[in-house]
Amino acid sequence: MFNYDNAFSRNIGWVTPAEQAIISTKKIAIAGMGGVGGEHLTTLARLGFQHFHIADFDEFEEHNFNRQTGAFTDTINQPKAAVMADITSKINPQAHIHNFAQGVTAENVDDFLLGVDVYVDSLDFFAMEAREMIFRACTQKSIPIVTAAPLGMGCALLTFLPGKMDFDDYFGFSSSHHKSDKLLKFMVGLAPSLLQTKYLVMPEKADFHSETGPSLAVAIKLCAGIAQSTVLKIVLERGEIVCAPKGFHVDAYLNKAVTTYCPFGYKGWLQRLKLIIAKKVVLK
């Protein structure tokens with residue numbers, strides 16, 4: 001027989017029993033069950049969260065083995081969301097997992113976010129249309145957004161809280177009409193410090209045009225720890241939360257951690273300069 005209190009008893013000390021009880025009631029939505037998404041889900045489950053809305057329409061493939069939590073020889077060609085739901089149920093058989101197997105669409109985004117306390121963004125970097133749609137819906141519903149990008153051997157964290165700078169003021173998506181412009185704004189906004197560029201040994205592997213890029217498991221693991229620490233602080237309402245226009249970027253390879261600050265969002269002169277440079281470098 002599964003006993004929730006016993007299963008997560010080793011959390012106590014870093015959280016109180018009363019806080020663990022709060023965690024057990026909170027609902028987290030995660031779109032994307034691939035790289036960071038699967039790791040986010042299992043990390044949250046081991047913290048004692050047990051109410052989830054998850055979404056992904058993709059299946060596992062062999063090239064996912066280097067970083068994705070649910071990628072095994074026996075899960076190739078299996079739906080990512082279904083595999084991750086099964087893994088999570090083995091951590092906590094009492095977990096309530098609503099699987100949006102077709103992904104998040106304009107037709108189901110309201111259901112996807114129904115009753116959700118925090119949204120954790122785990123969409124593929126290039127899934128800009130879905131990301132903008134979900135971010136906008138979260139903003140309208142006053143749902144906190146946590147996004148952690150695996151960059152090299154590091155993680156760039158951005159959090160958008162109700163009443164603070166929203167995602168559009170920070171990224172400026174609505175002022176752009178082309179996907180390439182939005183992707184560049186997202187890239188520059190995610191990691192204004194650009195720490196990861198210092199040791200990318202084969203830049204040609206980050207192919208903006210074919211929408212592919214390298215990724216490492218070490219960054220995925222780091223993202224999950226940093227993102228879920230932020231989720232904990234949000235739901236328990238304690239601890240300082242770094243939120244937009246500030247971000248947090250930690251890089252294990254460079255032994256660095258920096259807090260970034262873009263007070264004017266994408267409109268700031270430095271961000272505009274970085275965007276101009278990025279266009280010349282990435283879109284050449």
# chains A, B, ... in the order shown; residues from 1 in each chain; ligands from 1
call {"tool": "select_by_dssp", "arguments": {"residues": "stretch 67-253 of chain A", "states": "alpha helix (DSSP H)", "output": "ChimeraX atom specification"}}
result
/A:80-91,109-112,128-140,167-171,179-190,217-236
call {"tool": "residues_around", "arguments": {"residues": "stretch 74-89 of chain A", "least_positions_apart": "6", "cutoff": "10 Å", "atoms": "only C-alpha atoms", "output": "VMD selection string"}}
result
chain A and resid 31 to 34 37 to 39 41 to 46 50 52 to 65 68 95 to 103
call {"tool": "write_last_selection", "arguments": {"atoms": "C-alpha atoms", "output": "CSV table (one decimal), in the first residue's frame"}}
result
chain,number,residue,atom,x,y,z
A,31,ALA,CA,3.3,21.4,-21.9
A,32,GLY,CA,6.0,19.3,-23.5
A,33,MET,CA,7.1,15.9,-22.1
A,34,GLY,CA,10.4,15.6,-24.0
A,37,GLY,CA,9.3,18.4,-19.5
A,38,GLY,CA,9.8,14.8,-18.4
A,39,GLU,CA,12.4,15.9,-15.9
A,41,LEU,CA,7.3,16.1,-14.1
A,42,THR,CA,9.3,13.5,-12.2
A,43,THR,CA,11.0,16.1,-10.0
A,44,LEU,CA,7.7,17.6,-9.1
A,45,ALA,CA,6.3,14.2,-8.4
A,46,ARG,CA,9.2,13.4,-6.0
A,50,GLN,CA,0.3,14.9,-7.4
A,52,PHE,CA,-0.9,17.4,-13.1
A,53,HIS,CA,-2.1,18.5,-16.5
A,54,ILE,CA,0.5,17.3,-19.1
A,55,ALA,CA,0.5,17.7,-22.9
A,56,ASP,CA,2.6,16.3,-25.8
A,57,PHE,CA,1.6,14.8,-29.2
A,58,ASP,CA,5.1,13.5,-30.0
A,59,GLU,CA,6.6,10.0,-29.6
A,60,PHE,CA,10.0,9.0,-28.3
A,61,GLU,CA,12.8,8.4,-30.8
A,62,GLU,CA,16.4,7.1,-30.5
A,63,HIS,CA,17.9,10.5,-30.8
A,64,ASN,CA,16.1,11.4,-27.5
A,65,PHE,CA,18.3,9.0,-25.5
A,68,GLN,CA,15.0,12.7,-22.2
A,95,ALA,CA,-1.3,11.0,-8.7
A,96,HIS,CA,-4.0,12.6,-10.8
A,97,ILE,CA,-2.7,13.1,-14.3
A,98,HIS,CA,-4.8,14.6,-17.1
A,99,ASN,CA,-3.0,13.8,-20.3
A,100,PHE,CA,-3.7,16.1,-23.2
A,101,ALA,CA,-2.4,13.6,-25.8
A,102,GLN,CA,-3.0,15.9,-28.8
A,103,GLY,CA,-1.0,18.8,-27.3
call {"tool": "residues_around", "arguments": {"residues": "A:Phe248", "least_positions_apart": "3", "cutoff": "9 Å", "atoms": "only C-alpha atoms", "output": "list in words"}}
result
Cys155, Ala156, Leu157, Leu158, Ala191, Val242, Cys243, Ala257, Val258, Thr259, Thr260 and Tyr261 of chain A
call {"tool": "atom_distance", "arguments": {"atom1": "atom CA of A:Phe171", "atom2": "atom CA of A:Tyr266"}}
result
5.4 Å
call {"tool": "residues_around", "arguments": {"residues": "A:Thr212", "least_positions_apart": "5", "cutoff": "10 Å", "atoms": "only C-alpha atoms", "output": "count of residues only"}}
result
6
call {"tool": "closest_residue", "arguments": {"among": "A:Ala127, A:Ala219, A:Leu161, A:Leu114", "to": "A:Lys182", "atoms": "only C-alpha atoms"}}
result
A:Ala127
call {"tool": "closest_residue", "arguments": {"among": "A:Val235, A:Leu275, A:Val109, A:Leu151", "to": "A:Arg136", "atoms": "only C-alpha atoms"}}
result
A:Val109
call {"tool": "select_by_dssp", "arguments": {"residues": "stretch 41-282 of chain A", "states": "strand (DSSP E or B)", "output": "short mmCIF file (atom, residue, chain, number, x, y, z; two decimals) with C-alpha atoms, in the first residue's frame"}}
result
data_model
loop_
_atom_site.label_atom_id
_atom_site.label_comp_id
_atom_site.auth_asym_id
_atom_site.auth_seq_id
_atom_site.Cartn_x
_atom_site.Cartn_y
_atom_site.Cartn_z
CA HIS A 51 -2.11 16.90 -9.57
CA PHE A 52 -0.92 17.44 -13.12
CA HIS A 53 -2.08 18.51 -16.55
CA ILE A 54 0.47 17.33 -19.11
CA ALA A 55 0.54 17.65 -22.89
CA GLU A 59 6.62 9.99 -29.62
CA PRO A 79 3.68 8.60 -26.91
CA HIS A 96 -4.02 12.56 -10.79
CA ILE A 97 -2.66 13.10 -14.30
CA HIS A 98 -4.79 14.57 -17.08
CA ASN A 99 -3.04 13.77 -20.34
CA PHE A 100 -3.72 16.13 -23.25
CA VAL A 118 1.59 27.16 -11.86
CA TYR A 119 2.41 26.57 -15.52
CA VAL A 120 5.87 25.12 -16.25
CA ASP A 121 6.91 25.75 -19.86
CA ILE A 145 4.73 30.99 -15.64
CA VAL A 146 8.07 29.28 -15.03
CA THR A 147 10.36 28.59 -17.98
CA ALA A 148 13.82 27.07 -17.68
CA ALA A 149 15.95 26.79 -20.81
CA PRO A 150 18.73 24.17 -21.02
CA LEU A 151 21.65 26.02 -22.56
CA GLY A 154 23.56 25.55 -17.77
CA CYS A 155 20.06 26.82 -17.20
CA ALA A 156 18.45 30.17 -17.86
CA LEU A 157 15.37 30.72 -15.69
CA LEU A 158 12.58 33.19 -16.33
CA THR A 159 9.48 33.56 -14.18
CA PHE A 160 6.43 35.67 -14.93
CA ASP A 207 20.91 25.37 -36.90
CA THR A 212 17.55 21.90 -34.47
CA LYS A 246 15.00 39.83 -13.85
CA GLY A 247 16.19 36.36 -14.75
CA PHE A 248 18.67 33.85 -13.42
CA HIS A 249 21.36 32.08 -15.45
CA VAL A 250 23.66 29.45 -13.96
CA ASP A 251 26.36 27.69 -15.97
CA LYS A 256 29.13 31.11 -12.99
CA ALA A 257 25.72 32.24 -11.83
CA VAL A 258 24.34 35.63 -12.77
CA THR A 259 21.12 37.53 -12.23
CA THR A 260 20.13 39.28 -15.44
CA TYR A 261 18.10 42.47 -15.53
#
call {"tool": "closest_residue", "arguments": {"among": "A:Ala7, A:Met165, A:Val231, A:Ala29", "to": "A:Phe264", "atoms": "only C-alpha atoms"}}
result
A:Met165
